[in-house]
Amino acid sequence: MQDHMRPDDVVKYIDYGVIVTAGGLAVLAAFGAIYAWPWSKFAPKQGGSTEYNSIWGVRVCLQMTAFFWLLSPLLQRHEAWGQKVDVLEQLDVSGSVPCELYLSARLGLFEPFFLFLGLLAFRHSLRQGEGWEVLNDTEMGETKAREEYVNRKIIGSALLHTLPIFGLQTLIAVLTVVVSADMERKWGFPKYFLISSVVEKEGCDIGKEGELPSSGCVVCIYPLISTMVSALFILYYLWRMWQITSQMMFITLNQSLKQRIVMFRLAVTLLLSLGVLCRGLTVIPMPRSQPFEFLRLGDFVSVALFVVASSYFLVVRPVRDTRFADKTAGMMIALTTRFSSRRLRVRRRSPS
């Protein structure tokens with residue numbers, strides 16, 4: 001008879017599956033950044049195509065943020081691979097340091113910056129111009145200057161809105177170092193209210209008393225207060241997102257574009273809500289138990305699907321449409337030029 005899979009094996013396979021999937025999706029995000037880069041610097045620019053691709057810098061920044069956001073679970077699950085990396089052993093990266101870094105980077109920087117950047121990019125994309133006229137050198141210079149200004153404005157605005165959340169989540173991460181489990185129980189806080197990591201004692205050498213445990217003995221958890229802050233931010237974001245997209249749907253005549261708006265906001269609402277729910281429920285089961293790991297897996301899956309959906313709606317689809325518009329406009333210009341040249345030759349050959 002075959003042996004049944006042990007709970008520890010399930011947890012281990014979940015960790016390795018998340019790490020491999022996160023790495024693969026991060027590579028795709030990097031390719032997305034390359035795909036969003038301007039592809040025809042020396043070709044004649046068409047008005048509609050140039051306007052549609054005016055926020056290429058924002059799209060590249062969005063994909064690079066997705067790259068680091070998707071890699072952040074490696075910090076969260078450092079207990080699965082930290083002891084196998086010689087560099088980390090030499091640097092003596094131990095204790096809960098990766099957990100605090102993950103908390104500050106993921107919930108304080110990558111998540112809010114990606115959300116704000118995506119929303120501003122989505123709103124700008126709906127204001128694209130129409131027309132395929134060829135731009136002269138003067139107009140191309142003015143267009144390039146406008147593109148640089150628009151990209152700086154959107155990225156700067158997203159960063160400005162992210163800084164308060166980053167500061168608050170970083171403060172929470174610092175407080176989790178100060179507040180111990182004993183102090184939390186003494187003050188009457190709910191379970192894991194202000195703690196970002198716990199020490200796994202079963203089958204783990206936690207060292208002598210007074211020494212920091214190795215990275216393989218520490219399990220990262222989501223502090224309840226950090227999840228509450230993230231939930232409030234996401235509620236505000238969803239309210240603004242639905243408000244903006246409703247206004248855009250009112251003024252948009254393109255039915256295909258309306259369908260994209262509906263699909264985008266439904267995907268954002270469902271996936272972000274699922275992620276917050278899973279993070280909030282992780283305070284109920286014991287760390288490293290199967291329910292705990294499945295909840296962390298649910299949070300990762302919601303983030304991964306959200307990043308993939310956002311990348312498609314905000315980067316891949318617009319860039320693909322722009323390339324098609326560029327190719328179509330180039331073919332039209334080439335046909336028009338060839339037809340005009342042929343008519344001119346016929347006129348020159350005809351007797352006067």
# chains A, B, ... in the order shown; residues from 1 in each chain; ligands from 1
>>> residues_around(residues="Arg296 in chain A", least_positions_apart="5", cutoff="9 Å", atoms="only C-alpha atoms", output="PDB file with C-alpha atoms, in the first residue's frame")
ATOM      1  CA  GLY A 275      -6.317  38.411  -0.590  1.00  0.00           C
ATOM      2  CA  CYS A 278      -7.034  35.135   3.468  1.00  0.00           C
ATOM      3  CA  ARG A 279      -4.528  37.346   5.289  1.00  0.00           C
ATOM      4  CA  THR A 282      -4.333  33.388   8.974  1.00  0.00           C
ATOM      5  CA  PRO A 291      -5.085  25.468   7.099  1.00  0.00           C
ATOM      6  CA  VAL A 301      -2.858  33.069  -5.745  1.00  0.00           C
TER       7      VAL A 301
END
>>> residues_around(residues="Gly108 in chain A", least_positions_apart="5", cutoff="9 Å", atoms="only C-alpha atoms", output="number ranges by chain")
A: 103, 113, 162-170, 230
>>> atom_distance(atom1="CA of Ser302 in chain A", atom2="CA of Leu274 in chain A")
6.4 Å
>>> residues_around(residues="Leu62 in chain A", least_positions_apart="2", cutoff="8 Å", atoms="only C-alpha atoms", output="CSV table (one decimal) with all heavy atoms, in the first residue's frame")
chain,number,residue,atom,x,y,z
A,33,ALA,N,7.9,44.2,-19.1
A,33,ALA,CA,8.6,45.5,-19.1
A,33,ALA,C,9.3,45.8,-20.4
A,33,ALA,O,9.3,46.9,-21.0
A,33,ALA,CB,9.5,45.7,-17.9
A,58,VAL,N,5.4,54.6,-17.7
A,58,VAL,CA,4.5,54.1,-16.6
A,58,VAL,C,4.3,52.6,-16.7
A,58,VAL,O,4.3,51.9,-15.7
A,58,VAL,CB,3.1,54.8,-16.6
A,58,VAL,CG1,2.2,54.3,-15.6
A,58,VAL,CG2,3.3,56.3,-16.4
A,59,ARG,N,4.1,52.1,-17.9
A,59,ARG,CA,3.9,50.7,-18.1
A,59,ARG,C,5.2,49.9,-17.7
A,59,ARG,O,5.1,48.8,-17.1
A,59,ARG,CB,3.5,50.4,-19.5
A,59,ARG,CG,2.1,50.9,-19.8
A,59,ARG,CD,1.6,50.4,-21.2
A,59,ARG,NE,0.2,50.9,-21.4
A,59,ARG,CZ,-0.1,51.8,-22.3
A,59,ARG,NH1,0.9,52.3,-23.1
A,59,ARG,NH2,-1.3,52.2,-22.5
A,60,VAL,N,6.3,50.4,-18.1
A,60,VAL,CA,7.6,49.7,-17.7
A,60,VAL,C,7.7,49.7,-16.2
A,60,VAL,O,8.1,48.7,-15.6
A,60,VAL,CB,8.8,50.4,-18.3
A,60,VAL,CG1,10.1,49.9,-17.8
A,60,VAL,CG2,8.7,50.2,-19.9
A,64,MET,N,7.9,46.5,-13.6
A,64,MET,CA,9.1,46.2,-12.7
A,64,MET,C,8.6,46.2,-11.3
A,64,MET,O,9.1,45.4,-10.4
A,64,MET,CB,10.1,47.4,-12.9
A,64,MET,CG,10.8,47.4,-14.2
A,64,MET,SD,11.5,45.7,-14.7
A,64,MET,CE,12.6,45.5,-13.3
A,65,THR,N,7.5,46.9,-10.9
A,65,THR,CA,7.0,46.8,-9.6
A,65,THR,C,6.3,45.4,-9.4
A,65,THR,O,6.5,44.8,-8.3
A,65,THR,CB,5.9,47.9,-9.4
A,65,THR,OG1,6.5,49.2,-9.6
A,65,THR,CG2,5.4,47.9,-7.9
A,66,ALA,N,5.7,44.9,-10.4
A,66,ALA,CA,5.1,43.6,-10.4
A,66,ALA,C,6.2,42.6,-10.2
A,66,ALA,O,6.1,41.6,-9.5
A,66,ALA,CB,4.3,43.3,-11.7
A,114,PHE,N,1.8,49.7,-6.9
A,114,PHE,CA,1.3,49.0,-8.1
A,114,PHE,C,-0.2,49.4,-8.3
A,114,PHE,O,-0.6,49.7,-9.4
A,114,PHE,CB,1.4,47.5,-7.9
A,114,PHE,CG,1.0,46.7,-9.1
A,114,PHE,CD1,1.9,46.4,-10.1
A,114,PHE,CD2,-0.3,46.4,-9.4
A,114,PHE,CE1,1.6,45.7,-11.2
A,114,PHE,CE2,-0.7,45.6,-10.5
A,114,PHE,CZ,0.3,45.3,-11.4
A,117,LEU,N,-0.4,53.2,-9.4
A,117,LEU,CA,0.1,53.3,-10.7
A,117,LEU,C,-0.8,52.7,-11.7
A,117,LEU,O,-1.0,53.3,-12.8
A,117,LEU,CB,1.5,52.6,-10.8
A,117,LEU,CG,2.5,53.1,-11.8
A,117,LEU,CD1,2.8,54.5,-11.7
A,117,LEU,CD2,3.8,52.2,-11.7
A,118,GLY,N,-1.4,51.6,-11.5
A,118,GLY,CA,-2.3,51.0,-12.4
A,118,GLY,C,-3.5,51.8,-12.6
A,118,GLY,O,-4.0,51.9,-13.7
>>> residues_around(residues="range 233-250 of chain A", least_positions_apart="5", cutoff="12 Å", atoms="only C-alpha atoms", output="ChimeraX atom specification")
/A:107-108,111-127,161-162,164-166,168-169,226-228,255-277
>>> closest_residue(among="A:Phe110, A:Ser157, A:Ala36, A:Tyr16", to="Leu74 in chain A", atoms="only C-alpha atoms")
A:Tyr16
>>> select_by_dssp(residues="range 152-306 of chain A", states="strand (DSSP E or B)", output="list in words")
Ser197, Val198, Val199, Val218, Val219 and Cys220 of chain A
>>> write_last_selection(atoms="N, CA, C and O atoms", output="PDB file, in the first residue's frame")
ATOM      1  N   SER A 197       6.178  37.305  13.265  1.00  0.00           N
ATOM      2  CA  SER A 197       6.824  36.003  13.112  1.00  0.00           C
ATOM      3  C   SER A 197       6.697  35.207  14.397  1.00  0.00           C
ATOM      4  O   SER A 197       6.546  35.778  15.491  1.00  0.00           O
ATOM      5  N   VAL A 198       6.746  33.908  14.255  1.00  0.00           N
ATOM      6  CA  VAL A 198       6.767  33.002  15.400  1.00  0.00           C
ATOM      7  C   VAL A 198       7.869  31.986  15.174  1.00  0.00           C
ATOM      8  O   VAL A 198       8.267  31.720  14.032  1.00  0.00           O
ATOM      9  N   VAL A 199       8.377  31.417  16.270  1.00  0.00           N
ATOM     10  CA  VAL A 199       9.442  30.431  16.188  1.00  0.00           C
ATOM     11  C   VAL A 199       8.830  29.040  16.145  1.00  0.00           C
ATOM     12  O   VAL A 199       8.013  28.681  17.001  1.00  0.00           O
ATOM     13  N   VAL A 218      12.018  30.291  11.879  1.00  0.00           N
ATOM     14  CA  VAL A 218      11.091  31.411  12.020  1.00  0.00           C
ATOM     15  C   VAL A 218      10.063  31.362  10.898  1.00  0.00           C
ATOM     16  O   VAL A 218      10.419  31.240   9.722  1.00  0.00           O
ATOM     17  N   VAL A 219       8.800  31.470  11.259  1.00  0.00           N
ATOM     18  CA  VAL A 219       7.702  31.467  10.294  1.00  0.00           C
ATOM     19  C   VAL A 219       7.060  32.851  10.270  1.00  0.00           C
ATOM     20  O   VAL A 219       6.693  33.392  11.323  1.00  0.00           O
ATOM     21  N   CYS A 220       6.938  33.437   9.098  1.00  0.00           N
ATOM     22  CA  CYS A 220       6.339  34.769   8.970  1.00  0.00           C
ATOM     23  C   CYS A 220       4.818  34.666   9.041  1.00  0.00           C
ATOM     24  O   CYS A 220       4.214  33.768   8.446  1.00  0.00           O
TER      25      CYS A 220
END
>>> residues_around(residues="Arg288 in chain A", least_positions_apart="3", cutoff="8 Å", atoms="only C-alpha atoms", output="short mmCIF file (atom, residue, chain, number, x, y, z; two decimals) with C-alpha atoms, in the first residue's frame")
data_model
loop_
_atom_site.label_atom_id
_atom_site.label_comp_id
_atom_site.auth_asym_id
_atom_site.auth_seq_id
_atom_site.Cartn_x
_atom_site.Cartn_y
_atom_site.Cartn_z
CA VAL A 11 3.44 22.26 3.64
CA VAL A 219 7.70 31.47 10.29
CA PHE A 292 -2.52 28.21 7.71
CA GLU A 293 -0.55 27.25 4.60
#
>>> atom_distance(atom1="CA of Ile172 in chain A", atom2="CA of Ser104 in chain A")
8.2 Å
>>> atom_distance(atom1="CA of Gly17 in chain A", atom2="CA of Ile34 in chain A")
26.1 Å
>>> closest_residue(among="A:Leu224, A:Val179, A:Val303, A:Val308", to="Ser72 in chain A", atoms="only C-alpha atoms")
A:Val303
>>> closest_residue(among="A:Leu297, A:Ile225, A:Phe189, A:Thr252", to="Gly280 in chain A", atoms="only C-alpha atoms")
A:Ile225
>>> decode(residues="range 11-25 of chain A", atoms="all heavy atoms", output="mmCIF file, in the first residue's frame")
data_model
loop_
_atom_site.group_PDB
_atom_site.id
_atom_site.type_symbol
_atom_site.label_atom_id
_atom_site.label_comp_id
_atom_site.auth_asym_id
_atom_site.auth_seq_id
_atom_site.Cartn_x
_atom_site.Cartn_y
_atom_site.Cartn_z
ATOM 1 N N VAL A 11 2.942 20.907 3.386
ATOM 2 C CA VAL A 11 3.441 22.261 3.641
ATOM 3 C C VAL A 11 4.686 22.539 2.809
ATOM 4 O O VAL A 11 4.845 23.618 2.220
ATOM 5 C CB VAL A 11 3.727 22.445 5.144
ATOM 6 C CG1 VAL A 11 4.442 23.771 5.399
ATOM 7 C CG2 VAL A 11 2.440 22.377 5.946
ATOM 8 N N LYS A 12 5.573 21.536 2.747
ATOM 9 C CA LYS A 12 6.819 21.718 1.993
ATOM 10 C C LYS A 12 6.532 21.901 0.504
ATOM 11 O O LYS A 12 7.121 22.771 -0.146
ATOM 12 C CB LYS A 12 7.725 20.508 2.220
ATOM 13 C CG LYS A 12 9.049 20.577 1.484
ATOM 14 C CD LYS A 12 9.919 19.377 1.800
ATOM 15 C CE LYS A 12 9.280 18.109 1.248
ATOM 16 N NZ LYS A 12 10.176 16.928 1.452
ATOM 17 N N TYR A 13 5.627 21.101 -0.033
ATOM 18 C CA TYR A 13 5.307 21.215 -1.454
ATOM 19 C C TYR A 13 4.627 22.552 -1.770
ATOM 20 O O TYR A 13 4.836 23.118 -2.848
ATOM 21 C CB TYR A 13 4.417 20.052 -1.878
ATOM 22 C CG TYR A 13 5.125 18.718 -1.886
ATOM 23 C CD1 TYR A 13 4.476 17.559 -1.487
ATOM 24 C CD2 TYR A 13 6.454 18.627 -2.300
ATOM 25 C CE1 TYR A 13 5.135 16.330 -1.496
ATOM 26 C CE2 TYR A 13 7.117 17.414 -2.311
ATOM 27 C CZ TYR A 13 6.456 16.268 -1.900
ATOM 28 O OH TYR A 13 7.107 15.068 -1.914
ATOM 29 N N ILE A 14 3.804 23.037 -0.855
ATOM 30 C CA ILE A 14 3.185 24.351 -1.053
ATOM 31 C C ILE A 14 4.250 25.435 -1.102
ATOM 32 O O ILE A 14 4.222 26.325 -1.967
ATOM 33 C CB ILE A 14 2.156 24.639 0.053
ATOM 34 C CG1 ILE A 14 0.936 23.724 -0.095
ATOM 35 C CG2 ILE A 14 1.715 26.106 0.006
ATOM 36 C CD1 ILE A 14 -0.082 23.889 1.013
ATOM 37 N N ASP A 15 5.208 25.379 -0.176
ATOM 38 C CA ASP A 15 6.292 26.369 -0.163
ATOM 39 C C ASP A 15 7.073 26.360 -1.471
ATOM 40 O O ASP A 15 7.289 27.418 -2.085
ATOM 41 C CB ASP A 15 7.242 26.095 1.004
ATOM 42 C CG ASP A 15 6.659 26.516 2.339
ATOM 43 O OD1 ASP A 15 5.734 27.347 2.333
ATOM 44 O OD2 ASP A 15 7.118 26.026 3.387
ATOM 45 N N TYR A 16 7.484 25.188 -1.905
ATOM 46 C CA TYR A 16 8.274 25.094 -3.128
ATOM 47 C C TYR A 16 7.447 25.483 -4.354
ATOM 48 O O TYR A 16 7.963 26.114 -5.290
ATOM 49 C CB TYR A 16 8.816 23.670 -3.293
ATOM 50 C CG TYR A 16 9.879 23.309 -2.271
ATOM 51 C CD1 TYR A 16 10.105 21.991 -1.890
ATOM 52 C CD2 TYR A 16 10.658 24.301 -1.674
ATOM 53 C CE1 TYR A 16 11.077 21.666 -0.954
ATOM 54 C CE2 TYR A 16 11.622 23.991 -0.744
ATOM 55 C CZ TYR A 16 11.827 22.668 -0.380
ATOM 56 O OH TYR A 16 12.782 22.359 0.557
ATOM 57 N N GLY A 17 6.170 25.115 -4.358
ATOM 58 C CA GLY A 17 5.313 25.504 -5.474
ATOM 59 C C GLY A 17 5.150 27.005 -5.579
ATOM 60 O O GLY A 17 5.204 27.576 -6.677
ATOM 61 N N VAL A 18 4.966 27.667 -4.432
ATOM 62 C CA VAL A 18 4.836 29.123 -4.429
ATOM 63 C C VAL A 18 6.126 29.786 -4.885
ATOM 64 O O VAL A 18 6.115 30.745 -5.683
ATOM 65 C CB VAL A 18 4.437 29.619 -3.026
ATOM 66 C CG1 VAL A 18 4.587 31.139 -2.925
ATOM 67 C CG2 VAL A 18 3.011 29.215 -2.704
ATOM 68 N N ILE A 19 7.267 29.276 -4.420
ATOM 69 C CA ILE A 19 8.553 29.882 -4.775
ATOM 70 C C ILE A 19 8.815 29.756 -6.276
ATOM 71 O O ILE A 19 9.218 30.722 -6.944
ATOM 72 C CB ILE A 19 9.688 29.217 -3.965
ATOM 73 C CG1 ILE A 19 9.572 29.607 -2.486
ATOM 74 C CG2 ILE A 19 11.053 29.629 -4.511
ATOM 75 C CD1 ILE A 19 10.521 28.859 -1.576
ATOM 76 N N VAL A 20 8.564 28.568 -6.842
ATOM 77 C CA VAL A 20 8.793 28.363 -8.277
ATOM 78 C C VAL A 20 7.822 29.206 -9.111
ATOM 79 O O VAL A 20 8.219 29.845 -10.093
ATOM 80 C CB VAL A 20 8.655 26.872 -8.625
ATOM 81 C CG1 VAL A 20 8.692 26.665 -10.135
ATOM 82 C CG2 VAL A 20 9.766 26.063 -7.963
ATOM 83 N N THR A 21 6.550 29.225 -8.709
ATOM 84 C CA THR A 21 5.556 30.010 -9.450
ATOM 85 C C THR A 21 5.863 31.497 -9.380
ATOM 86 O O THR A 21 5.747 32.209 -10.393
ATOM 87 C CB THR A 21 4.152 29.738 -8.894
ATOM 88 O OG1 THR A 21 3.890 28.337 -8.916
ATOM 89 C CG2 THR A 21 3.103 30.467 -9.717
ATOM 90 N N ALA A 22 6.245 31.966 -8.196
ATOM 91 C CA ALA A 22 6.585 33.390 -8.038
ATOM 92 C C ALA A 22 7.767 33.763 -8.917
ATOM 93 O O ALA A 22 7.772 34.818 -9.573
ATOM 94 C CB ALA A 22 6.882 33.698 -6.581
ATOM 95 N N GLY A 23 8.781 32.900 -8.971
ATOM 96 C CA GLY A 23 9.928 33.178 -9.825
ATOM 97 C C GLY A 23 9.561 33.206 -11.298
ATOM 98 O O GLY A 23 10.009 34.086 -12.047
ATOM 99 N N GLY A 24 8.729 32.244 -11.732
ATOM 100 C CA GLY A 24 8.313 32.219 -13.130
ATOM 101 C C GLY A 24 7.495 33.432 -13.527
ATOM 102 O O GLY A 24 7.716 34.020 -14.590
ATOM 103 N N LEU A 25 6.546 33.828 -12.676
ATOM 104 C CA LEU A 25 5.730 35.004 -12.982
ATOM 105 C C LEU A 25 6.568 36.284 -12.945
ATOM 106 O O LEU A 25 6.303 37.227 -13.712
ATOM 107 C CB LEU A 25 4.574 35.106 -11.986
ATOM 108 C CG LEU A 25 3.493 34.028 -12.112
ATOM 109 C CD1 LEU A 25 2.446 34.199 -11.022
ATOM 110 C CD2 LEU A 25 2.825 34.086 -13.487
#
